[in-house]
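Visitor: I have a structure I would like to understand better, so I am pasting it below and will then ask my questions one at a time.
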Amino acid sequence: MSIKEQLQNTPERGKEITGQELMALERFAEDTRHMIVFDVLTWDCPVGDKGERVRIFLTDEGYTKALESEGRGEMKIVRHARVRRGDISYDAPERDHEIY
């Protein structure tokens with residue numbers, strides 16, 4: 001199975017994901033450390049529209065802001081991965097934000 005096929009078979013596949021593509025240039029930026037997939041819960045969320053599922057690559061500072069936004073109830077992180085030099089390491093399901 002190719003990498004593309006494996007990525008297409010990830011659990012978040014059930015709902016269309018907007019935002020950055022898996023091969024976005026941001027993934028390969030020197031300071032990128034996180035990738036999250038999240039559901040937008042309110043119109044006040046700084047990224048996306050209510051009801052959307054969004055993928056975004058973040059620095060440590062950006063991830064902290066995303067956790068704060070989740071704490072305010074603006075979004076719900078459903079998938080997190082560490083990113084290092086473009087390599088994506090998904091969290092284990094028991095440590096992930098959503099159990100599959």
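Please note that chains go A, B, ... in the order of the structure tokens, that every chain numbers its residues from 1, and that ligands are numbered from 1 in the order shown.
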Mind checking which residues fall within 12 Å of region 47-53 of chain A, counting only C-alpha atoms, ignoring those fewer than 2 positions away in the same chain, and posting them as an mmCIF file with C-alpha atoms, in the first residue's frame?

Guide:
```
data_model
loop_
_atom_site.group_PDB
_atom_site.id
_atom_site.type_symbol
_atom_site.label_atom_id
_atom_site.label_comp_id
_atom_site.auth_asym_id
_atom_site.auth_seq_id
_atom_site.Cartn_x
_atom_site.Cartn_y
_atom_site.Cartn_z
ATOM 1 C CA GLU A 12 -10.350 11.420 10.207
ATOM 2 C CA ARG A 13 -11.363 10.376 6.691
ATOM 3 C CA GLY A 14 -15.078 10.160 7.621
ATOM 4 C CA LYS A 15 -15.597 13.922 7.369
ATOM 5 C CA GLU A 16 -14.176 16.253 4.722
ATOM 6 C CA ILE A 17 -11.134 18.106 6.022
ATOM 7 C CA THR A 18 -10.481 21.698 5.032
ATOM 8 C CA GLY A 19 -7.409 23.760 5.817
ATOM 9 C CA GLN A 20 -3.888 22.711 4.934
ATOM 10 C CA ILE A 36 -3.909 19.033 14.489
ATOM 11 C CA VAL A 37 -7.256 18.150 13.005
ATOM 12 C CA PHE A 38 -10.105 19.854 14.803
ATOM 13 C CA ASP A 39 -13.839 20.466 14.603
ATOM 14 C CA VAL A 40 -14.911 24.114 14.671
ATOM 15 C CA LEU A 41 -17.658 24.490 17.303
ATOM 16 C CA THR A 42 -18.437 28.228 17.206
ATOM 17 C CA TRP A 43 -18.372 31.154 14.810
ATOM 18 C CA ASP A 44 -15.807 32.769 17.167
ATOM 19 C CA CYS A 45 -13.087 30.237 16.309
ATOM 20 C CA ARG A 55 -6.203 20.450 9.459
ATOM 21 C CA ILE A 56 -3.390 22.856 10.338
ATOM 22 C CA GLY A 62 0.500 28.090 17.731
ATOM 23 C CA LYS A 65 -3.005 28.998 21.274
ATOM 24 C CA ALA A 66 -5.014 26.126 19.791
ATOM 25 C CA SER A 69 -9.087 28.032 21.918
ATOM 26 C CA GLU A 70 -10.196 24.494 22.731
ATOM 27 C CA GLY A 73 -14.988 25.857 23.631
ATOM 28 C CA GLU A 74 -14.327 27.310 20.174
ATOM 29 C CA MET A 75 -13.014 24.035 18.769
ATOM 30 C CA LYS A 76 -12.419 20.382 19.620
ATOM 31 C CA ILE A 77 -9.091 18.802 18.685
ATOM 32 C CA VAL A 78 -9.811 15.320 17.302
ATOM 33 C CA ARG A 79 -6.338 14.351 16.119
#
```

Visitor: Taking 3 positions as the minimum chain separation for residues in the same chain, which residues sit within 6 Å of Phe28 (chain A) when counting only C-alpha atoms? Answer as a short mmCIF file (atom, residue, chain, number, x, y, z; two decimals) with N, CA and C atoms, in the first residue's frame.

Guide:
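Result file is result.cif:
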```cif
data_model
loop_
_atom_site.label_atom_id
_atom_site.label_comp_id
_atom_site.auth_asym_id
_atom_site.auth_seq_id
_atom_site.Cartn_x
_atom_site.Cartn_y
_atom_site.Cartn_z
N LEU A 25 3.43 23.16 2.42
CA LEU A 25 4.78 23.64 2.72
C LEU A 25 4.99 23.90 4.21
N ARG A 85 10.84 17.94 11.00
CA ARG A 85 11.44 17.91 9.65
C ARG A 85 10.50 17.31 8.62
N GLY A 86 9.22 17.57 8.77
CA GLY A 86 8.22 17.07 7.82
C GLY A 86 7.68 15.70 8.13
#
```

Visitor: Which residue out of A:Val83, A:Leu67, A:Ala92, A:Val54 has the minimum interatomic distance to Thr32 (chain A) when only C-alpha atoms are used?

Guide: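 Once distances to Thr32 (chain A) are computed over only C-alpha atoms, the minimum belongs to A:Val83.
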
Visitor: Would you kindly return, as a PyMOL selection string, each protein, DNA or RNA residue with an atom no farther than 10 Å from any atom of Met35 (chain A), considering only C-alpha atoms and excluding same-chain residues fewer than 6 positions away?

Guide: chain A and resi 20+22+26-27+55-59+63+79-83+88-90
